[in-house]
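To start, the structure under review is shown below, and the notes come after it.
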Amino acid sequence: EPDYVRECRLFYDAIENGRPYDEVVDKAVEVINNGINQRPDFDIDSLTDYSKMKETLAMEVVSAEANQEMLATVPHQNMEDMAVVYRFVLNSDDEGRASILVTNQMLETMGVTPEQLHADAMENAPQIRPAEIKGMSEVMAEMMGVEQAEMMGIFPVAPEDEQMYVATVPDKVHGAGVLAYQDFMDKAAERAGGDFFILPSSIHEILIVPDNGKMNLKDLEAMVREVNATQVAPADKLTDSVYHYDSKDKIFEFGEKFVERQAEKEAEHSEEK
């Protein structure tokens, strides 16, 4: 990781830890100036110019329970037991990612409301970090090579035989934020062929499982808990929950809530009969 990126990370951490925004920005100008020759296209003045910074807005989702202290200081929106937070992404490439978590103090300094921030993020995030939804067979083929995947019968598969999809963003960093995109659920429903379950693989990606009767909620919940406990680094963990999207009623909710709603609907239908 280049020195200037490493130094910048200290600056971003300072903001996240509650240092006064104006003070940190002043220090940042000095720090960034020392390494700016490596990023000649970077405009330091834009750090305090919301009209420019909003074009770099990204959305991320984190565990609400695990981030209670942080969420008290940043604008956010809740999605069940997750929270949508916002970042200005200044750079993301093979050498690393430089970003600033948007705080309440930062918004106040810039004179921007949380509502405006969210609206701008909804418009800009999908453009600069578009959602990618790929079938697991395609992902496996990319990892092991198409020829080997074909030999093993993993790839290609018919759409109706695809049992799981992976959703993230191009750089695979905090890709679970696609959950907050306005049209993501409907695009995912189109790929899944209707209703689907959402497994929080990590803060970097999510898994989509078609709700076609082949996998039940309890098995999926057990899978998420097992993977989180054995395969996911604590810093990358999202939640242990399983979520569901009802493509007809357009409702995102806990899987358990969906099961309860369906039971209530069936009970009402039986009474009507």
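Within each chain, counting starts at residue 1; across the structure tokens, chains are named A, B, ... in the order shown, with ligands numbered 1 upward in that order.
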
Check your understanding: Which neighbours of A:Gly177 fall inside 12 Å, counting only C-alpha atoms, when residues of the same chain fewer than 4 positions from it are skipped, and could you give them as a count of residues only?
Key -> 38

**Study point:** Contacts of A:Pro156 within 9 Å, only C-alpha atoms, excl. fewer than 6 positions in-chain, as a PyMOL selection string
**Key:** chain A and resi 137-138+141+146+149-150

**Study point:** Neighbour list for A:Asp186 as number ranges by chain, cut-off 9 Å, only C-alpha atoms, skip fewer than 6 positions in-chain
**Key:** A: 194, 247, 250

Point to revise | A:Thr239, A:Leu217, A:Val102, A:Val232 ranked by distance to A:Glu260, top pick (using only C-alpha atoms) | key: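 When distances to A:Glu260 are compared using only C-alpha atoms, the smallest one comes from A:Leu217.
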
**Study point:** Shortest interatomic distance to A:Val74 - which of A:Asn104, A:Val227, A:Asp49, A:Leu90, counting only C-alpha atoms
**Key:** A:Asn104

Check your understanding: In Å to one decimal, how far is atom CA of A:Gly175 from atom CA of A:Thr56?
Key ->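 Distance reported for this atom pair: 15.3 Å.
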
Enumerate as a CSV table (one decimal) with all heavy atoms, in the first residue's frame all residues of stretch 89-270 of chain A assigned to strand (DSSP E or B) by DSSP on the backbone, naming them with the chain letters and numbers the document uses.
chain,number,residue,atom,x,y,z
A,89,VAL,N,-16.0,8.0,-1.5
A,89,VAL,CA,-15.0,7.1,-2.0
A,89,VAL,C,-14.1,7.9,-2.9
A,89,VAL,O,-14.4,8.3,-4.0
A,89,VAL,CB,-15.5,5.9,-2.8
A,89,VAL,CG1,-14.4,5.0,-3.3
A,89,VAL,CG2,-16.4,5.1,-1.9
A,90,LEU,N,-12.8,8.2,-2.4
A,90,LEU,CA,-11.9,9.1,-3.2
A,90,LEU,C,-11.1,8.3,-4.2
A,90,LEU,O,-10.7,8.8,-5.2
A,90,LEU,CB,-11.0,9.8,-2.2
A,90,LEU,CG,-11.7,10.6,-1.1
A,90,LEU,CD1,-10.7,11.3,-0.2
A,90,LEU,CD2,-12.7,11.6,-1.7
A,91,ASN,N,-10.8,7.0,-3.8
A,91,ASN,CA,-10.0,6.2,-4.7
A,91,ASN,C,-10.2,4.7,-4.4
A,91,ASN,O,-10.3,4.3,-3.3
A,91,ASN,CB,-8.5,6.6,-4.6
A,91,ASN,CG,-7.6,5.8,-5.5
A,91,ASN,OD1,-7.9,5.6,-6.7
A,91,ASN,ND2,-6.5,5.2,-5.0
A,92,SER,N,-10.3,3.9,-5.4
A,92,SER,CA,-10.4,2.5,-5.2
A,92,SER,C,-9.7,1.8,-6.4
A,92,SER,O,-10.2,1.9,-7.6
A,92,SER,CB,-11.8,2.1,-5.1
A,92,SER,OG,-11.9,0.7,-4.9
A,93,ASP,N,-8.6,1.1,-6.2
A,93,ASP,CA,-7.9,0.4,-7.2
A,93,ASP,C,-7.1,-0.7,-6.6
A,93,ASP,O,-7.3,-1.1,-5.5
A,93,ASP,CB,-7.0,1.3,-8.0
A,93,ASP,CG,-6.0,2.1,-7.2
A,93,ASP,OD1,-5.6,1.5,-6.1
A,93,ASP,OD2,-5.7,3.3,-7.5
A,96,GLY,N,-5.4,-0.1,-3.3
A,96,GLY,CA,-6.1,0.1,-2.0
A,96,GLY,C,-7.3,1.0,-2.2
A,96,GLY,O,-7.6,1.4,-3.4
A,97,ARG,N,-8.0,1.3,-1.2
A,97,ARG,CA,-9.2,2.1,-1.2
A,97,ARG,C,-9.1,3.2,-0.2
A,97,ARG,O,-8.8,3.0,1.0
A,97,ARG,CB,-10.4,1.2,-1.0
A,97,ARG,CG,-11.8,1.9,-1.0
A,97,ARG,CD,-12.9,0.9,-0.9
A,97,ARG,NE,-14.2,1.4,-1.0
A,97,ARG,CZ,-15.1,1.6,0.0
A,97,ARG,NH1,-14.7,1.3,1.2
A,97,ARG,NH2,-16.2,2.1,-0.3
A,98,ALA,N,-9.4,4.4,-0.6
A,98,ALA,CA,-9.4,5.6,0.3
A,98,ALA,C,-10.8,6.1,0.3
A,98,ALA,O,-11.4,6.5,-0.7
A,98,ALA,CB,-8.4,6.6,-0.2
A,99,SER,N,-11.4,6.2,1.5
A,99,SER,CA,-12.7,6.7,1.6
A,99,SER,C,-12.9,7.4,3.0
A,99,SER,O,-12.2,7.2,3.9
A,99,SER,CB,-13.7,5.6,1.5
A,99,SER,OG,-13.6,4.7,2.6
A,100,ILE,N,-14.0,8.2,3.0
A,100,ILE,CA,-14.3,9.0,4.2
A,100,ILE,C,-15.7,8.6,4.6
A,100,ILE,O,-16.7,8.8,3.9
A,100,ILE,CB,-14.3,10.5,4.0
A,100,ILE,CG1,-12.9,10.9,3.5
A,100,ILE,CG2,-14.6,11.2,5.3
A,100,ILE,CD1,-12.8,12.4,3.1
A,101,LEU,N,-15.9,8.1,5.9
A,101,LEU,CA,-17.2,7.8,6.4
A,101,LEU,C,-17.9,9.2,6.7
A,101,LEU,O,-17.4,10.1,7.3
A,101,LEU,CB,-17.1,7.0,7.7
A,101,LEU,CG,-18.4,6.7,8.4
A,101,LEU,CD1,-19.2,5.7,7.5
A,101,LEU,CD2,-18.2,6.1,9.8
A,132,GLU,N,-23.4,-5.9,-9.2
A,132,GLU,CA,-23.1,-7.0,-10.0
A,132,GLU,C,-23.7,-8.3,-9.4
A,132,GLU,O,-23.5,-8.6,-8.3
A,132,GLU,CB,-21.6,-7.3,-10.2
A,132,GLU,CG,-20.8,-6.2,-10.9
A,132,GLU,CD,-19.4,-6.5,-11.0
A,132,GLU,OE1,-18.9,-7.4,-10.4
A,132,GLU,OE2,-18.7,-5.8,-11.8
A,133,ILE,N,-24.6,-8.9,-10.2
A,133,ILE,CA,-25.3,-10.1,-9.7
A,133,ILE,C,-24.9,-11.3,-10.7
A,133,ILE,O,-25.2,-11.2,-11.9
A,133,ILE,CB,-26.8,-10.0,-9.8
A,133,ILE,CG1,-27.2,-8.8,-8.9
A,133,ILE,CG2,-27.5,-11.2,-9.2
A,133,ILE,CD1,-28.7,-8.5,-9.0
A,134,LYS,N,-24.1,-12.2,-10.1
A,134,LYS,CA,-23.6,-13.3,-10.9
A,134,LYS,C,-24.1,-14.7,-10.3
A,134,LYS,O,-24.1,-14.8,-9.1
A,134,LYS,CB,-22.1,-13.3,-11.0
A,134,LYS,CG,-21.6,-12.1,-11.7
A,134,LYS,CD,-20.0,-12.1,-11.8
A,134,LYS,CE,-19.5,-10.9,-12.5
A,134,LYS,NZ,-18.0,-11.0,-12.5
A,135,GLY,N,-24.4,-15.6,-11.2
A,135,GLY,CA,-24.7,-16.9,-10.7
A,135,GLY,C,-23.5,-17.6,-10.1
A,135,GLY,O,-22.4,-17.3,-10.5
A,165,TYR,N,-26.9,-17.0,-6.2
A,165,TYR,CA,-26.3,-15.9,-6.9
A,165,TYR,C,-25.5,-15.0,-5.9
A,165,TYR,O,-25.8,-15.0,-4.7
A,165,TYR,CB,-27.4,-15.0,-7.5
A,165,TYR,CG,-28.2,-15.6,-8.6
A,165,TYR,CD1,-29.3,-16.4,-8.2
A,165,TYR,CD2,-27.9,-15.6,-9.9
A,165,TYR,CE1,-30.1,-17.0,-9.2
A,165,TYR,CE2,-28.7,-16.2,-10.9
A,165,TYR,CZ,-29.8,-16.9,-10.5
A,165,TYR,OH,-30.5,-17.6,-11.5
A,166,VAL,N,-24.4,-14.4,-6.4
A,166,VAL,CA,-23.6,-13.6,-5.6
A,166,VAL,C,-23.8,-12.1,-6.1
A,166,VAL,O,-23.7,-11.8,-7.3
A,166,VAL,CB,-22.1,-14.0,-5.8
A,166,VAL,CG1,-21.2,-13.1,-4.9
A,166,VAL,CG2,-21.9,-15.4,-5.4
A,167,ALA,N,-24.0,-11.2,-5.1
A,167,ALA,CA,-24.2,-9.8,-5.5
A,167,ALA,C,-23.1,-9.0,-4.7
A,167,ALA,O,-22.9,-9.2,-3.5
A,167,ALA,CB,-25.6,-9.3,-5.1
A,168,THR,N,-22.5,-8.1,-5.4
A,168,THR,CA,-21.5,-7.2,-4.9
A,168,THR,C,-21.2,-6.0,-5.8
A,168,THR,O,-22.1,-5.7,-6.6
A,168,THR,CB,-20.1,-8.0,-4.6
A,168,THR,OG1,-19.2,-7.2,-3.9
A,168,THR,CG2,-19.5,-8.5,-5.9
A,196,PHE,N,-36.9,-14.3,-3.2
A,196,PHE,CA,-35.6,-14.9,-2.9
A,196,PHE,C,-35.3,-14.6,-1.4
A,196,PHE,O,-35.8,-13.7,-0.8
A,196,PHE,CB,-34.5,-14.4,-3.8
A,196,PHE,CG,-34.4,-12.9,-3.8
A,196,PHE,CD1,-33.6,-12.2,-2.9
A,196,PHE,CD2,-35.1,-12.1,-4.8
A,196,PHE,CE1,-33.4,-10.8,-2.9
A,196,PHE,CE2,-35.0,-10.7,-4.8
A,196,PHE,CZ,-34.1,-10.1,-3.9
A,197,PHE,N,-34.4,-15.4,-0.9
A,197,PHE,CA,-33.8,-15.2,0.4
A,197,PHE,C,-32.4,-14.5,0.2
A,197,PHE,O,-31.8,-14.7,-0.8
A,197,PHE,CB,-33.5,-16.6,1.1
A,197,PHE,CG,-34.7,-17.3,1.5
A,197,PHE,CD1,-35.2,-18.4,0.8
A,197,PHE,CD2,-35.5,-16.9,2.7
A,197,PHE,CE1,-36.3,-19.1,1.2
A,197,PHE,CE2,-36.6,-17.6,3.0
A,197,PHE,CZ,-37.0,-18.7,2.3
A,198,ILE,N,-32.0,-13.7,1.2
A,198,ILE,CA,-30.7,-13.0,1.2
A,198,ILE,C,-29.9,-13.5,2.3
A,198,ILE,O,-30.3,-13.5,3.5
A,198,ILE,CB,-30.9,-11.5,1.3
A,198,ILE,CG1,-31.7,-11.0,0.1
A,198,ILE,CG2,-29.6,-10.8,1.4
A,198,ILE,CD1,-32.2,-9.6,0.2
A,199,LEU,N,-28.7,-14.0,2.0
A,199,LEU,CA,-27.8,-14.5,3.0
A,199,LEU,C,-26.6,-13.4,3.1
A,199,LEU,O,-26.0,-13.1,2.1
A,199,LEU,CB,-27.2,-15.8,2.7
A,199,LEU,CG,-28.1,-16.9,2.3
A,199,LEU,CD1,-27.4,-18.3,2.1
A,199,LEU,CD2,-29.3,-17.1,3.2
A,200,PRO,N,-26.4,-12.9,4.3
A,200,PRO,CA,-25.4,-11.9,4.5
A,200,PRO,C,-24.0,-12.5,4.6
A,200,PRO,O,-23.4,-12.7,5.6
A,200,PRO,CB,-25.7,-11.2,5.8
A,200,PRO,CG,-26.4,-12.3,6.6
A,200,PRO,CD,-27.2,-13.1,5.6
A,201,SER,N,-23.4,-12.8,3.4
A,201,SER,CA,-22.1,-13.5,3.3
A,201,SER,C,-21.1,-12.8,4.1
A,201,SER,O,-20.3,-13.3,4.8
A,201,SER,CB,-21.7,-13.7,1.9
A,201,SER,OG,-20.5,-14.3,1.7
A,202,SER,N,-21.0,-11.4,3.9
A,202,SER,CA,-20.1,-10.5,4.6
A,202,SER,C,-20.5,-9.1,4.3
A,202,SER,O,-21.4,-8.9,3.5
A,202,SER,CB,-18.7,-10.8,4.2
A,202,SER,OG,-18.4,-10.3,2.9
A,205,GLU,N,-20.2,-8.8,0.3
A,205,GLU,CA,-21.0,-9.4,-0.7
A,205,GLU,C,-22.2,-10.1,0.0
A,205,GLU,O,-22.2,-10.4,1.2
A,205,GLU,CB,-20.3,-10.4,-1.5
A,205,GLU,CG,-19.8,-11.6,-0.7
A,205,GLU,CD,-19.0,-12.6,-1.5
A,205,GLU,OE1,-18.5,-12.2,-2.6
A,205,GLU,OE2,-18.8,-13.7,-1.0
A,206,ILE,N,-23.3,-10.3,-0.8
A,206,ILE,CA,-24.4,-11.1,-0.3
A,206,ILE,C,-24.7,-12.2,-1.2
A,206,ILE,O,-24.3,-12.2,-2.4
A,206,ILE,CB,-25.7,-10.2,-0.1
A,206,ILE,CG1,-26.0,-9.6,-1.4
A,206,ILE,CG2,-25.4,-9.1,1.0
A,206,ILE,CD1,-27.4,-8.9,-1.4
A,207,LEU,N,-25.4,-13.2,-0.7
A,207,LEU,CA,-25.8,-14.4,-1.5
A,207,LEU,C,-27.4,-14.3,-1.7
A,207,LEU,O,-28.1,-14.0,-0.7
A,207,LEU,CB,-25.4,-15.7,-0.9
A,207,LEU,CG,-23.9,-15.9,-0.6
A,207,LEU,CD1,-23.7,-17.2,0.0
A,207,LEU,CD2,-23.1,-15.7,-1.9
A,208,ILE,N,-27.8,-14.6,-2.9
A,208,ILE,CA,-29.2,-14.6,-3.2
A,208,ILE,C,-29.6,-16.1,-3.5
A,208,ILE,O,-29.0,-16.7,-4.4
A,208,ILE,CB,-29.5,-13.7,-4.4
A,208,ILE,CG1,-29.3,-12.3,-4.0
A,208,ILE,CG2,-31.0,-13.9,-4.9
A,208,ILE,CD1,-29.3,-11.3,-5.2
A,209,VAL,N,-30.6,-16.6,-2.8
A,209,VAL,CA,-31.1,-17.9,-2.9
A,209,VAL,C,-32.6,-17.9,-3.4
A,209,VAL,O,-33.4,-17.4,-2.6
A,209,VAL,CB,-31.0,-18.8,-1.7
A,209,VAL,CG1,-31.5,-20.2,-1.9
A,209,VAL,CG2,-29.5,-18.8,-1.2
A,210,PRO,N,-32.9,-18.4,-4.6
A,210,PRO,CA,-34.3,-18.3,-5.0
A,210,PRO,C,-35.2,-19.1,-4.0
A,210,PRO,O,-34.9,-20.1,-3.5
A,210,PRO,CB,-34.3,-19.1,-6.3
A,210,PRO,CG,-32.9,-18.9,-6.8
A,210,PRO,CD,-32.0,-18.9,-5.6
A,243,TYR,N,-32.7,-12.9,5.3
A,243,TYR,CA,-33.7,-12.0,4.9
A,243,TYR,C,-34.5,-12.5,3.7
A,243,TYR,O,-34.0,-13.5,3.1
A,243,TYR,CB,-33.1,-10.6,4.6
A,243,TYR,CG,-32.1,-10.1,5.6
A,243,TYR,CD1,-30.8,-10.4,5.5
A,243,TYR,CD2,-32.6,-9.4,6.7
A,243,TYR,CE1,-29.9,-10.0,6.5
A,243,TYR,CE2,-31.7,-9.0,7.7
A,243,TYR,CZ,-30.3,-9.3,7.6
A,243,TYR,OH,-29.5,-8.9,8.6
A,244,HIS,N,-35.6,-11.9,3.4
A,244,HIS,CA,-36.4,-12.4,2.3
A,244,HIS,C,-37.0,-11.2,1.6
A,244,HIS,O,-37.3,-10.1,2.1
A,244,HIS,CB,-37.6,-13.2,2.9
A,244,HIS,CG,-38.4,-13.8,1.8
A,244,HIS,ND1,-39.5,-13.2,1.2
A,244,HIS,CD2,-38.4,-15.1,1.2
A,244,HIS,CE1,-40.0,-14.0,0.3
A,244,HIS,NE2,-39.4,-15.1,0.3
A,245,TYR,N,-37.1,-11.3,0.2
A,245,TYR,CA,-37.7,-10.3,-0.6
A,245,TYR,C,-38.9,-10.9,-1.3
A,245,TYR,O,-38.8,-11.9,-2.0
A,245,TYR,CB,-36.8,-9.7,-1.6
A,245,TYR,CG,-37.4,-8.6,-2.4
A,245,TYR,CD1,-37.7,-7.4,-1.8
A,245,TYR,CD2,-37.7,-8.7,-3.8
A,245,TYR,CE1,-38.4,-6.4,-2.5
A,245,TYR,CE2,-38.3,-7.7,-4.5
A,245,TYR,CZ,-38.6,-6.5,-3.8
A,245,TYR,OH,-39.3,-5.5,-4.5
A,246,ASP,N,-40.1,-10.3,-1.0
A,246,ASP,CA,-41.4,-10.7,-1.6
A,246,ASP,C,-41.5,-9.9,-2.8
A,246,ASP,O,-41.7,-8.6,-2.8
A,246,ASP,CB,-42.5,-10.4,-0.6
A,246,ASP,CG,-43.8,-10.9,-1.1
A,246,ASP,OD1,-44.1,-10.9,-2.3
A,246,ASP,OD2,-44.7,-11.2,-0.2
A,251,ILE,N,-41.6,-6.4,-0.6
A,251,ILE,CA,-41.3,-6.2,0.8
A,251,ILE,C,-40.0,-6.9,1.2
A,251,ILE,O,-39.8,-8.1,0.9
A,251,ILE,CB,-42.4,-6.8,1.8
A,251,ILE,CG1,-43.7,-6.0,1.5
A,251,ILE,CG2,-42.0,-6.7,3.2
A,251,ILE,CD1,-44.9,-6.6,2.3
A,252,PHE,N,-39.0,-6.2,1.7
A,252,PHE,CA,-37.8,-6.7,2.3
A,252,PHE,C,-38.0,-6.9,3.8
A,252,PHE,O,-38.3,-5.9,4.4
A,252,PHE,CB,-36.6,-5.8,2.0
A,252,PHE,CG,-35.3,-6.2,2.7
A,252,PHE,CD1,-34.5,-7.1,2.2
A,252,PHE,CD2,-35.0,-5.5,3.9
A,252,PHE,CE1,-33.3,-7.5,2.9
A,252,PHE,CE2,-33.8,-5.9,4.6
A,252,PHE,CZ,-33.0,-6.9,4.1
A,253,GLU,N,-37.6,-8.0,4.3
A,253,GLU,CA,-37.9,-8.3,5.7
A,253,GLU,C,-37.1,-9.5,6.2
A,253,GLU,O,-36.5,-10.2,5.4
A,253,GLU,CB,-39.4,-8.5,6.0
A,253,GLU,CG,-39.9,-9.7,5.2
A,253,GLU,CD,-41.4,-9.8,5.2
A,253,GLU,OE1,-42.1,-9.2,6.0
A,253,GLU,OE2,-41.9,-10.5,4.2
A,254,PHE,N,-37.1,-9.7,7.5
A,254,PHE,CA,-36.5,-10.9,8.1
A,254,PHE,C,-37.2,-12.1,7.5
A,254,PHE,O,-38.4,-12.1,7.2
A,254,PHE,CB,-36.6,-11.0,9.6
A,254,PHE,CG,-35.7,-10.1,10.3
A,254,PHE,CD1,-36.2,-9.1,11.2
A,254,PHE,CD2,-34.3,-10.2,10.2
A,254,PHE,CE1,-35.3,-8.3,12.0
A,254,PHE,CE2,-33.4,-9.4,10.9
A,254,PHE,CZ,-33.9,-8.5,11.8

**Study point:** Distance of atom CA of A:Pro159 from atom CA of A:Glu190, expressed in Å to one decimal place
**Key:**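 We find that atom CA of A:Glu190 and atom CA of A:Pro159 lie 10.8 Å from each other.
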
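Atom pair atom CA of A:Leu117 / atom CA of A:Ala235 has a distance of 26.0 Å (rounded to one decimal).
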
Check your understanding: Given the choices A:Pro114, A:Gly193, A:Pro234, A:Gly255, which gets closest to A:Leu220 if the distance is worked out from only C-alpha atoms?
Key -> A:Gly255

Point to revise | Which of stretch 40-256 of chain A fall in alpha helix (DSSP H), as an MDAnalysis selection string | key: chainID A and resid 50:53 68:71 104:110 114:128 136:144 146:151 184:192 217:230 255:256

Check your understanding: Which neighbours of stretch 109-112 of chain A fall inside 10 Å, counting only C-alpha atoms, when residues of the same chain fewer than 4 positions from it are skipped, and could you give them as a PyMOL selection string?
Key -> chain A and resi 21-22+48-51+103-105+116-117

If you keep N, CA, C and O atoms, can you produce a file of those selected residues as a compact mmCIF listing (two decimals), in the first residue's frame?
# COMPACT_ATOMS: atom_id res chain seq x y z
N TYR A 21 -14.14 17.96 12.44
CA TYR A 21 -13.97 17.85 11.00
C TYR A 21 -13.03 18.91 10.43
O TYR A 21 -12.14 18.62 9.64
N ASP A 22 -13.23 20.18 10.84
CA ASP A 22 -12.39 21.26 10.31
C ASP A 22 -10.92 21.03 10.64
O ASP A 22 -10.04 21.26 9.79
N THR A 48 -14.11 19.72 0.96
CA THR A 48 -15.14 20.45 1.70
C THR A 48 -16.25 20.97 0.79
O THR A 48 -17.12 21.71 1.24
N ASP A 49 -16.22 20.58 -0.48
CA ASP A 49 -17.21 21.04 -1.45
C ASP A 49 -18.21 19.91 -1.71
O ASP A 49 -17.93 18.99 -2.48
N TYR A 50 -19.36 19.99 -1.08
CA TYR A 50 -20.32 18.90 -1.19
C TYR A 50 -20.79 18.69 -2.62
O TYR A 50 -21.05 17.55 -3.04
N SER A 51 -20.91 19.76 -3.38
CA SER A 51 -21.39 19.62 -4.76
C SER A 51 -20.47 18.71 -5.58
O SER A 51 -20.92 18.06 -6.52
N THR A 103 -20.10 11.68 8.50
CA THR A 103 -20.57 11.82 9.88
C THR A 103 -21.61 12.94 9.99
O THR A 103 -21.74 13.79 9.09
N ASN A 104 -22.32 12.96 11.11
CA ASN A 104 -23.28 14.03 11.35
C ASN A 104 -22.60 15.39 11.36
O ASN A 104 -23.12 16.37 10.83
N GLN A 105 -21.42 15.44 11.98
CA GLN A 105 -20.68 16.70 12.06
C GLN A 105 -20.27 17.19 10.67
O GLN A 105 -20.33 18.38 10.36
N GLN A 116 -31.08 14.85 2.03
CA GLN A 116 -30.41 15.20 0.78
C GLN A 116 -29.26 14.23 0.51
O GLN A 116 -29.04 13.80 -0.62
N LEU A 117 -28.51 13.90 1.57
CA LEU A 117 -27.41 12.95 1.44
C LEU A 117 -27.92 11.63 0.88
O LEU A 117 -27.33 11.06 -0.05

Exercise for review: Identify which of the residues A:Met151, A:Ala180, A:Met164, A:Val242 lies closest to A:Ala222, counting only C-alpha atoms when measuring atom-to-atom distances.
Suggested key: A:Val242

Check your understanding: Using only C-alpha atoms, which residue out of A:Met106, A:Val224, A:Met143, A:Leu47 lies closest to A:Thr73?
Key ->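 The shortest atom-to-atom distance to A:Thr73 comes from A:Met106.
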